[in-house]
>>> print(open('input-v7.txt').read())   # compact mmCIF, C-alpha atoms (C1' of nucleotides)
# COMPACT_ATOMS: atom_id res chain seq x y z
CA MET A 1 119.53 119.78 91.80
CA ILE A 2 120.26 116.09 91.24
CA LEU A 3 118.75 115.18 94.58
CA GLU A 4 115.69 117.38 94.20
CA THR A 5 114.97 115.76 90.85
CA ALA A 6 115.55 112.35 92.39
CA VAL A 7 112.98 113.04 95.09
CA ARG A 8 110.42 114.12 92.52
CA LEU A 9 111.06 111.14 90.25
CA ALA A 10 111.09 108.65 93.11
CA THR A 11 107.52 109.51 94.08
CA VAL A 12 106.41 108.40 90.62
CA GLU A 13 108.78 105.59 89.64
CA GLY A 14 109.61 104.40 93.13
CA LEU A 15 113.00 104.49 94.81
CA ASP A 16 114.00 101.29 93.06
CA GLY A 17 112.42 102.11 89.72
CA LEU A 18 114.36 105.35 89.63
CA SER A 19 117.29 104.49 87.34
CA ILE A 20 120.46 106.51 87.09
CA GLY A 21 120.05 106.84 83.34
CA LYS A 22 116.56 108.28 83.57
CA LEU A 23 117.63 110.59 86.34
CA ALA A 24 120.58 111.86 84.30
CA ASP A 25 118.43 112.39 81.20
CA SER A 26 115.81 114.21 83.22
CA ILE A 27 118.44 116.67 84.46
CA GLY A 28 120.23 116.93 81.14
CA ILE A 29 123.61 115.46 82.08
CA SER A 30 125.22 112.08 81.52
CA LYS A 31 125.07 109.04 83.76
CA SER A 32 128.70 109.58 84.72
CA GLY A 33 127.88 113.11 85.72
CA VAL A 34 125.44 111.78 88.26
CA TYR A 35 127.78 109.04 89.36
CA ALA A 36 130.56 111.52 90.14
CA HIS A 37 128.63 112.58 93.24
CA PHE A 38 127.72 109.20 94.73
CA GLU A 39 129.57 105.99 95.40
CA SER A 40 126.72 103.68 94.52
CA LYS A 41 123.04 103.65 93.79
CA GLU A 42 122.18 102.91 97.41
CA ASP A 43 124.27 105.91 98.40
CA LEU A 44 122.18 108.04 96.06
CA GLN A 45 118.96 106.55 97.41
CA LEU A 46 119.92 107.27 101.00
CA ALA A 47 120.80 110.85 100.08
CA THR A 48 117.46 111.10 98.30
CA VAL A 49 115.62 110.08 101.46
CA ASP A 50 117.51 112.70 103.45
CA THR A 51 116.65 115.35 100.88
CA ALA A 52 112.99 114.33 101.02
CA ARG A 53 113.11 114.70 104.79
CA LYS A 54 114.46 118.22 104.48
CA LEU A 55 111.69 119.12 102.05
CA PHE A 56 109.08 117.58 104.33
CA THR A 57 110.45 119.50 107.29
CA GLU A 58 110.33 122.80 105.41
CA VAL A 59 106.93 122.38 103.85
CA VAL A 60 104.95 120.41 106.44
CA VAL A 61 106.66 120.62 109.82
CA ALA A 62 108.04 124.14 109.95
CA PRO A 63 104.70 125.98 109.56
CA ALA A 64 103.30 123.96 112.45
CA LEU A 65 106.20 124.69 114.77
CA GLU A 66 105.18 128.34 114.87
CA VAL A 67 102.34 127.45 117.21
CA ASP A 68 101.83 125.10 120.13
CA GLY A 69 99.54 122.44 121.52
CA LEU A 70 96.24 121.75 119.82
CA GLU A 71 96.86 124.37 117.17
CA ARG A 72 100.13 122.68 116.25
CA LEU A 73 98.35 119.35 115.94
CA ARG A 74 95.80 120.93 113.62
CA ARG A 75 98.45 122.62 111.54
CA LEU A 76 100.52 119.46 111.14
CA CYS A 77 97.52 117.75 109.55
CA GLU A 78 96.53 120.77 107.53
CA SER A 79 99.97 121.48 106.07
CA PHE A 80 100.34 117.81 105.21
CA LEU A 81 97.06 117.88 103.34
CA SER A 82 98.08 121.07 101.53
CA TYR A 83 101.44 119.52 100.68
CA VAL A 84 99.55 116.70 98.98
CA GLU A 85 96.83 118.87 97.45
CA ASN A 86 99.33 121.31 95.91
CA ARG A 87 101.14 118.44 94.24
CA THR A 88 104.39 119.57 95.77
CA LEU A 89 105.62 116.19 94.56
CA PRO A 90 103.98 114.58 91.53
CA GLY A 91 103.43 111.22 93.22
CA GLY A 92 102.17 112.56 96.53
CA CYS A 93 103.91 112.15 99.85
CA PHE A 94 107.43 110.78 99.37
CA PHE A 95 107.47 108.83 102.61
CA ALA A 96 104.10 107.23 102.06
CA ALA A 97 105.36 105.88 98.74
CA ALA A 98 108.72 104.85 100.17
CA ALA A 99 107.20 103.13 103.20
CA SER A 100 104.92 101.08 100.99
CA GLU A 101 107.73 100.14 98.64
CA LEU A 102 110.33 99.27 101.27
CA GLY A 103 108.11 97.89 104.00
CA ALA A 104 108.70 94.26 103.10
CA ARG A 105 112.34 94.62 102.14
CA PRO A 106 114.77 94.83 105.09
CA GLY A 107 117.91 96.92 104.79
CA PRO A 108 119.36 100.34 105.51
CA MET A 109 116.83 102.04 103.26
CA LYS A 110 113.87 100.62 105.14
CA GLN A 111 115.43 101.56 108.46
CA ARG A 112 115.89 105.16 107.46
CA VAL A 113 112.36 105.48 106.14
CA ALA A 114 110.94 103.81 109.24
CA SER A 115 112.93 106.14 111.46
CA ASN A 116 111.53 109.19 109.67
CA GLN A 117 108.05 107.76 110.02
CA ARG A 118 108.56 107.38 113.77
CA ASP A 119 109.75 110.99 114.02
CA TRP A 120 106.55 112.14 112.31
CA MET A 121 104.37 110.11 114.65
CA ARG A 122 106.23 111.50 117.65
CA LEU A 123 105.61 115.00 116.35
CA LEU A 124 101.88 114.27 116.41
CA SER A 125 102.01 112.59 119.81
CA ASP A 126 104.04 115.35 121.45
CA ALA A 127 101.68 118.04 120.18
CA ALA A 128 98.73 116.05 121.52
CA HIS A 129 100.42 115.70 124.92
CA VAL A 130 100.94 119.43 125.17
CA ALA A 131 97.32 119.99 124.15
CA ILE A 132 96.21 117.74 127.01
CA SER A 133 98.41 119.47 129.53
CA ARG A 134 96.78 122.75 128.53
CA GLY A 135 93.27 121.38 128.81
CA GLN A 136 92.68 121.68 125.07
CA LEU A 137 92.13 117.94 124.86
CA ARG A 138 90.46 115.71 127.44
CA ALA A 139 92.81 114.31 130.06
CA ASP A 140 91.73 110.73 129.32
CA THR A 141 92.63 111.01 125.65
CA ASP A 142 94.63 108.06 124.31
CA VAL A 143 97.47 109.97 122.69
CA ALA A 144 98.91 107.08 120.70
CA LEU A 145 95.45 106.26 119.41
CA LEU A 146 94.74 109.84 118.39
CA ALA A 147 98.10 110.15 116.61
CA PHE A 148 97.42 106.86 114.82
CA GLU A 149 94.00 108.10 113.73
CA LEU A 150 95.18 111.47 112.46
CA ASN A 151 98.11 109.97 110.58
CA ALA A 152 95.82 107.34 109.06
CA LEU A 153 93.42 110.00 107.81
CA VAL A 154 95.98 112.21 106.10
CA VAL A 155 97.92 109.30 104.61
CA ALA A 156 94.75 107.72 103.26
CA ALA A 157 93.83 111.07 101.75
CA ASN A 158 97.20 111.14 100.02
CA ALA A 159 96.70 107.67 98.54
CA ALA A 160 93.12 108.29 97.39
CA PHE A 161 93.96 111.70 95.96
CA ILE A 162 96.79 110.30 93.85
CA LEU A 163 94.91 107.17 92.80
CA HIS A 164 91.63 108.83 91.80
CA ASP A 165 92.76 112.36 90.97
CA ASP A 166 89.88 113.46 93.15
CA PRO A 167 90.32 116.72 95.11
CA SER A 168 87.17 116.04 97.13
CA VAL A 169 88.96 113.41 99.23
CA ILE A 170 91.15 116.17 100.62
CA ALA A 171 88.07 118.03 101.77
CA ARG A 172 86.76 114.82 103.28
CA ALA A 173 90.04 114.30 105.08
CA ARG A 174 89.87 117.83 106.49
CA ALA A 175 86.41 117.07 107.84
CA ALA A 176 87.60 113.78 109.28
CA VAL A 177 90.56 115.42 111.01
CA ALA A 178 88.34 118.11 112.50
CA HIS A 179 85.91 115.44 113.62
CA ALA A 180 88.58 113.28 115.25
CA ILE A 181 89.92 116.25 117.16
CA ALA A 182 86.47 117.49 118.14
CA VAL A 183 85.65 114.12 119.67
CA ALA A 184 88.72 114.37 121.93
CA THR A 185 87.85 117.90 123.03
CA PRO A 186 86.67 118.57 126.60
CA ASP A 187 82.89 118.62 127.06
CA PRO A 188 81.91 122.32 127.34
CA ALA A 189 78.95 121.35 129.57
CA THR A 190 81.28 120.24 132.36
CA MET B 191 99.96 78.29 90.88
CA ILE B 192 101.86 80.79 88.75
CA LEU B 193 99.36 83.52 89.55
CA GLU B 194 99.20 82.76 93.26
CA THR B 195 102.98 82.99 93.44
CA ALA B 196 102.86 86.20 91.42
CA VAL B 197 100.44 87.74 93.91
CA ARG B 198 102.66 86.81 96.83
CA LEU B 199 105.83 88.09 95.16
CA ALA B 200 104.19 91.30 93.96
CA THR B 201 103.40 92.38 97.51
CA VAL B 202 107.13 92.32 98.26
CA GLU B 203 108.84 93.31 95.00
CA GLY B 204 106.03 95.38 93.56
CA LEU B 205 104.06 94.66 90.42
CA ASP B 206 106.79 96.18 88.31
CA GLY B 207 109.70 94.78 90.26
CA LEU B 208 108.28 91.30 89.83
CA SER B 209 110.33 89.90 86.93
CA ILE B 210 109.38 86.87 84.87
CA GLY B 211 112.71 85.23 85.58
CA LYS B 212 112.38 85.53 89.36
CA LEU B 213 108.79 84.35 89.16
CA ALA B 214 109.80 81.30 87.13
CA ASP B 215 112.69 80.44 89.48
CA SER B 216 110.45 80.83 92.49
CA ILE B 217 108.04 78.25 91.02
CA GLY B 218 110.76 76.00 89.70
CA ILE B 219 110.13 76.26 85.96
CA SER B 220 111.78 78.18 83.14
CA LYS B 221 110.92 81.64 81.89
CA SER B 222 109.37 80.12 78.76
CA GLY B 223 107.17 77.97 80.93
CA VAL B 224 105.67 81.09 82.47
CA TYR B 225 105.54 82.89 79.17
CA ALA B 226 103.54 80.08 77.55
CA HIS B 227 100.50 81.20 79.54
CA PHE B 228 100.54 84.94 78.92
CA GLU B 229 100.97 87.12 75.88
CA SER B 230 103.00 89.81 77.59
CA LYS B 231 104.11 91.00 80.98
CA GLU B 232 101.22 93.40 81.26
CA ASP B 233 98.87 90.50 80.52
CA LEU B 234 100.42 88.63 83.43
CA GLN B 235 100.16 91.68 85.68
CA LEU B 236 96.48 92.17 84.89
CA ALA B 237 95.82 88.51 85.60
CA THR B 238 97.74 88.88 88.85
CA VAL B 239 95.49 91.75 89.93
CA ASP B 240 92.42 89.65 89.17
CA THR B 241 93.83 86.76 91.18
CA ALA B 242 94.54 89.09 94.09
CA ARG B 243 90.93 90.28 93.91
CA LYS B 244 89.69 86.72 94.12
CA LEU B 245 91.85 86.07 97.16
CA PHE B 246 90.70 89.31 98.79
CA THR B 247 87.08 88.38 98.16
CA GLU B 248 87.51 84.95 99.71
CA VAL B 249 89.50 86.00 102.75
CA VAL B 250 88.15 89.45 103.59
CA VAL B 251 84.79 90.00 101.92
CA ALA B 252 83.11 86.59 102.07
CA PRO B 253 83.14 86.24 105.88
CA ALA B 254 81.47 89.64 106.17
CA LEU B 255 78.72 88.83 103.69
CA GLU B 256 77.31 86.27 106.09
CA VAL B 257 75.85 89.07 108.17
CA ASP B 258 74.19 92.42 107.50
CA GLY B 259 74.26 96.08 108.42
CA LEU B 260 76.44 97.25 111.25
CA GLU B 261 77.76 93.78 111.92
CA ARG B 262 78.88 93.50 108.31
CA LEU B 263 80.69 96.82 108.59
CA ARG B 264 82.47 95.59 111.69
CA ARG B 265 83.40 92.28 110.09
CA LEU B 266 84.77 93.92 106.95
CA CYS B 267 87.24 95.86 109.07
CA GLU B 268 88.01 92.93 111.33
CA SER B 269 88.64 90.40 108.56
CA PHE B 270 90.85 92.93 106.79
CA LEU B 271 92.91 93.40 109.92
CA SER B 272 93.16 89.62 110.39
CA TYR B 273 94.17 89.24 106.75
CA VAL B 274 97.06 91.61 107.42
CA GLU B 275 97.91 90.28 110.88
CA ASN B 276 98.04 86.65 109.69
CA ARG B 277 100.50 87.63 106.98
CA THR B 278 98.29 86.03 104.37
CA LEU B 279 100.57 87.84 101.94
CA PRO B 280 104.16 88.57 102.96
CA GLY B 281 103.99 92.25 101.99
CA GLY B 282 100.60 92.98 103.50
CA CYS B 283 97.53 93.98 101.54
CA PHE B 284 98.10 93.54 97.80
CA PHE B 285 95.90 96.44 96.78
CA ALA B 286 97.44 98.87 99.23
CA ALA B 287 100.84 98.13 97.73
CA ALA B 288 99.56 98.24 94.16
CA ALA B 289 97.66 101.49 94.66
CA SER B 290 100.75 103.18 96.04
CA GLU B 291 102.93 101.88 93.23
CA LEU B 292 100.58 102.65 90.35
CA GLY B 293 98.89 105.77 91.66
CA ALA B 294 101.06 108.19 89.70
CA ARG B 295 101.38 106.04 86.59
CA PRO B 296 98.34 106.10 84.28
CA GLY B 297 97.42 103.04 82.29
CA PRO B 298 95.22 99.95 82.30
CA MET B 299 96.89 98.62 85.44
CA LYS B 300 96.10 101.73 87.45
CA GLN B 301 92.51 101.70 86.22
CA ARG B 302 91.96 98.14 87.32
CA VAL B 303 93.45 98.72 90.75
CA ALA B 304 91.45 101.93 91.19
CA SER B 305 88.27 100.12 90.20
CA ASN B 306 88.88 97.43 92.81
CA GLN B 307 89.53 100.13 95.38
CA ARG B 308 86.19 101.77 94.55
CA ASP B 309 84.41 98.43 94.92
CA TRP B 310 85.89 98.05 98.39
CA MET B 311 84.81 101.54 99.42
CA ARG B 312 81.32 100.88 98.11
CA LEU B 313 81.19 97.71 100.18
CA LEU B 314 81.86 99.80 103.27
CA SER B 315 79.40 102.52 102.26
CA ASP B 316 76.58 100.11 101.45
CA ALA B 317 76.95 98.32 104.75
CA ALA B 318 76.86 101.66 106.55
CA HIS B 319 73.71 102.67 104.67
CA VAL B 320 71.95 99.49 105.70
CA ALA B 321 73.07 100.05 109.27
CA ILE B 322 71.48 103.50 109.21
CA SER B 323 68.23 102.23 107.74
CA ARG B 324 68.05 99.76 110.64
CA GLY B 325 68.75 102.38 113.24
CA GLN B 326 72.10 100.86 114.15
CA LEU B 327 73.85 104.07 113.15
CA ARG B 328 72.59 107.62 113.61
CA ALA B 329 70.48 108.90 110.72
CA ASP B 330 72.67 111.97 110.29
CA THR B 331 75.82 109.88 109.83
CA ASP B 332 77.97 111.00 106.87
CA VAL B 333 78.35 107.64 105.16
CA ALA B 334 81.14 108.64 102.78
CA LEU B 335 83.04 110.15 105.69
CA LEU B 336 82.64 107.06 107.85
CA ALA B 337 83.75 104.78 105.02
CA PHE B 338 86.75 107.01 104.42
CA GLU B 339 87.65 106.90 108.10
CA LEU B 340 87.35 103.14 108.47
CA ASN B 341 89.32 102.47 105.30
CA ALA B 342 91.99 104.91 106.41
CA LEU B 343 92.37 103.15 109.75
CA VAL B 344 92.75 99.62 108.41
CA VAL B 345 95.03 100.64 105.56
CA ALA B 346 97.26 102.67 107.89
CA ALA B 347 97.41 99.64 110.17
CA ASN B 348 98.57 97.56 107.23
CA ALA B 349 101.34 100.00 106.37
CA ALA B 350 102.57 100.43 109.93
CA PHE B 351 102.43 96.70 110.65
CA ILE B 352 104.58 95.91 107.62
CA LEU B 353 106.99 98.79 108.14
CA HIS B 354 107.62 98.31 111.85
CA ASP B 355 106.86 94.62 112.33
CA ASP B 356 104.79 95.72 115.27
CA PRO B 357 101.67 93.67 116.08
CA SER B 358 100.46 96.28 118.55
CA VAL B 359 99.37 98.60 115.74
CA ILE B 360 96.75 96.03 114.77
CA ALA B 361 95.34 96.19 118.27
CA ARG B 362 95.37 99.98 118.08
CA ALA B 363 93.54 99.83 114.76
CA ARG B 364 90.90 97.57 116.28
CA ALA B 365 90.37 100.11 119.03
CA ALA B 366 90.21 102.95 116.52
CA VAL B 367 87.63 101.12 114.39
CA ALA B 368 85.48 100.38 117.41
CA HIS B 369 85.81 104.01 118.47
CA ALA B 370 84.85 105.39 115.06
CA ILE B 371 81.78 103.19 114.93
CA ALA B 372 80.80 103.94 118.52
CA VAL B 373 80.82 107.66 117.80
CA ALA B 374 78.32 107.16 114.98
CA THR B 375 76.02 105.05 117.12
CA PRO B 376 72.62 106.40 118.27
CA ASP B 377 72.62 108.04 121.68
CA PRO B 378 70.99 105.52 124.06
CA ALA B 379 69.67 108.39 126.22
CA THR B 380 67.37 109.59 123.43
C1' DA C 381 153.15 128.58 86.87
C1' DG C 382 152.01 124.29 88.39
C1' DA C 383 149.80 120.78 91.23
C1' DT C 384 145.22 119.33 93.02
C1' DA C 385 140.39 118.44 93.43
C1' DG C 386 135.85 118.56 91.62
C1' DT C 387 132.76 117.88 87.80
C1' DA C 388 131.37 115.98 83.59
C1' DC C 389 131.99 113.27 79.42
C1' DG C 390 131.88 108.90 76.19
C1' DA C 391 132.70 104.14 75.93
C1' DA C 392 132.51 99.81 77.59
C1' DC C 393 131.82 95.76 80.99
C1' DG C 394 128.81 91.99 82.79
C1' DG C 395 124.25 91.13 83.98
C1' DT C 396 119.23 91.03 83.72
C1' DC C 397 115.17 92.39 81.56
C1' DG C 398 111.04 91.26 78.24
C1' DT C 399 110.31 88.81 74.25
C1' DG C 400 110.52 85.92 70.33
C1' DC C 401 111.63 81.11 67.85
C1' DT C 402 112.39 76.30 67.61
C1' DT C 403 112.25 71.91 69.69
C1' DT C 404 111.09 68.31 73.14
C1' DA C 405 107.96 65.61 76.10
C1' DA C 406 103.36 64.37 77.64
C1' DC C 407 98.92 63.29 76.80
C1' DA C 408 94.12 63.05 74.70
C1' DT C 409 91.53 61.55 70.91
C1' DA C 410 90.61 58.83 66.89
C1' DT D 411 99.04 52.88 66.76
C1' DA D 412 98.87 57.40 64.70
C1' DT D 413 97.84 62.32 65.33
C1' DG D 414 97.08 66.86 67.25
C1' DT D 415 97.41 69.87 71.39
C1' DT D 416 99.79 71.81 74.83
C1' DA D 417 103.11 72.77 78.70
C1' DA D 418 107.71 73.48 79.12
C1' DA D 419 112.63 73.82 77.72
C1' DG D 420 116.47 75.90 75.40
C1' DC D 421 118.48 79.51 73.04
C1' DA D 422 119.17 84.07 71.15
C1' DC D 423 117.98 88.98 70.39
C1' DG D 424 118.09 93.89 71.61
C1' DA D 425 117.50 97.08 75.33
C1' DC D 426 118.58 98.79 79.65
C1' DC D 427 120.59 98.26 84.19
C1' DG D 428 124.56 99.64 87.69
C1' DT D 429 129.23 100.24 87.48
C1' DT D 430 134.06 101.24 86.02
C1' DC D 431 137.51 103.44 83.35
C1' DG D 432 140.18 106.88 80.93
C1' DT D 433 139.90 111.50 79.72
C1' DA D 434 138.97 116.13 79.47
C1' DC D 435 137.76 121.03 81.45
C1' DT D 436 137.70 124.22 85.35
C1' DA D 437 138.38 126.07 89.40
C1' DT D 438 141.42 126.66 93.80
C1' DC D 439 145.58 126.86 96.27
C1' DT D 440 150.76 126.85 96.66
>>> encode(input="input-v7.txt", output="structure tokens")
Amino acid sequence: MILETAVRLATVEGLDGLSIGKLADSIGISKSGVYAHFESKEDLQLATVDTARKLFTEVVVAPALEVDGLERLRRLCESFLSYVENRTLPGGCFFAAAASELGARPGPMKQRVASNQRDWMRLLSDAAHVAISRGQLRADTDVALLAFELNALVVAANAAFILHDDPSVIARARAAVAHAIAVATPDPAT
Amino acid sequence: MILETAVRLATVEGLDGLSIGKLADSIGISKSGVYAHFESKEDLQLATVDTARKLFTEVVVAPALEVDGLERLRRLCESFLSYVENRTLPGGCFFAAAASELGARPGPMKQRVASNQRDWMRLLSDAAHVAISRGQLRADTDVALLAFELNALVVAANAAFILHDDPSVIARARAAVAHAIAVATPDPAT
DNA sequence: AGATAGTACGAACGGTCGTGCTTTAACATA
DNA sequence: TATGTTAAAGCACGACCGTTCGTACTATCT
């Protein structure tokens, strides 16, 4: 429960702005009660990142793993957008916030976030590769480029949705994702 | 000088993480010396956002205003990518960092950052509109969608460049921008 | 029954935060 | 030369930070 609250709070206050006192108050226990479970604040932060990964895997990744190839690629984007739209976390995607906060500050925290980010990109790339091998995407598709584009679209939707409280950007992102995939689709005339 | 240093520091530590003491030390004066110029910390933060806007206008916007239409659209993206690639600010784009930090925290700071973000999107949209009226882009182009796509690409490049210290993502973003624009270009066969 | 480990508490520590107040030094104007 | 303005320093305050400590209560296992 501590860690789930920490994940939620961290998307609003930031991983650094999240103080042990506020976290304890928000759960209803004392600071010492929190501290009994972790050796230091960094220890808590690392555990928070791991918990966020588990949540992300359940909510975003798992639904997409039920299918393969192009459909998996579509579902990865779609479940990410739903995960943002449903306000699963109050501050939007945990890793988008963490990456922006830790990007310029080297250390174990940054490494772990960067590693999770790479895993996510690989998920997109692998799905695209399978889609190509099945003829669902054109053989000359630049996989790294397509993964970069799709990730950019959904992450930008996350940022704009949180900043402007505007649900229409999610719809726009859905259109953009569909468009980006359509462009890489084999020409039916051939 | 205080404000320029504040902009630089804020991209690394965050607008909230930037403390008056650290700022003063980093300039070489005392806390009181900084405080003599501002009524409160929020006052300083607001002034910092305005200074960042001025810098952004000089470095990214101004070079693009020298030309019109499609070429302006291209230059807006290109000068943004250069602004990130050159490490003009150590933590990448100031507004990308600020938007992510303040997105879930209402207040005057968030409003000002959101307003600057809207101005930037309008800059992209207006340039695209002119490009359409000149026949440089297809008449049925969805301007809001194109602006969303281009912004997503350059902002994602910023985040990935900072997080992974990988210059190749800038090249990938350049390709993605060129691709997105090419897709919206009139069919030469017609 | 008694030792052990896990969980939570309240109090306190050194440090840093934002913010005031008072004083010093520099400089422009008369 | 005298005066007023202003940037900066120095100091002190209350609040909050992460962290540590001593102390309970509650299970589990011997």
>>> interface_residues(input="input-v7.txt", of="chain B", to="chain C", cutoff="9 Å", atoms="all atoms listed in the file", output="list in words")
Ser209, Ile210, Gly211, Ser230 and Lys231 of chain B
>>> residues_around(input="input-v7.txt", residues="Leu145 (chain A)", least_positions_apart="6", cutoff="10 Å", atoms="all atoms listed in the file", output="count of residues only")
8
>>> interface_residues(input="input-v7.txt", of="chain D", to="chain B", cutoff="8 Å", atoms="only C-alpha atoms (C1' of nucleotides)", output="ChimeraX atom specification")
/D:417-419
>>> atom_distance(input="input-v7.txt", atom1="CA of Leu193 (chain B)", atom2="CA of Asn348 (chain B)")
22.6 Å
>>> residues_around(input="input-v7.txt", residues="Met109 (chain A)", least_positions_apart="6", cutoff="10 Å", atoms="all atoms listed in the file", output="JSON, numbers by chain")
{"A": [15, 42, 43, 45, 46, 49, 98, 99, 102, 103, 115]}
>>> closest_atom_pairs(input="input-v7.txt", of="chain A", to="chain B", cutoff="7 Å", atoms="only C-alpha atoms", output="tab-separated table")
residue	atom	partner	partner_atom	distance
A:Val12	CA	B:Ala294	CA	5.4
A:Gly91	CA	B:Ala294	CA	5.2
A:Ala97	CA	B:Ser290	CA	6.0
A:Ala99	CA	B:Leu353	CA	6.6
A:Ser100	CA	B:Ala287	CA	6.0
A:Gly103	CA	B:Leu353	CA	4.4
A:Ala104	CA	B:Gly281	CA	5.2
A:Arg105	CA	B:Val202	CA	6.9
A:Ala114	CA	B:Leu353	CA	6.5
A:Leu145	CA	B:Arg362	CA	6.4
A:Glu149	CA	B:Leu343	CA	6.6
A:Ala152	CA	B:Ala346	CA	5.0
A:Leu153	CA	B:Ala342	CA	5.5
A:Ala156	CA	B:Ala342	CA	5.0
A:Ala159	CA	B:Ser290	CA	6.5
A:Ile162	CA	B:Gly293	CA	5.5
A:Leu163	CA	B:Gly293	CA	4.4
A:His164	CA	B:Ala304	CA	6.9
A:Arg172	CA	B:Leu335	CA	6.4
A:Ala176	CA	B:Leu335	CA	6.8
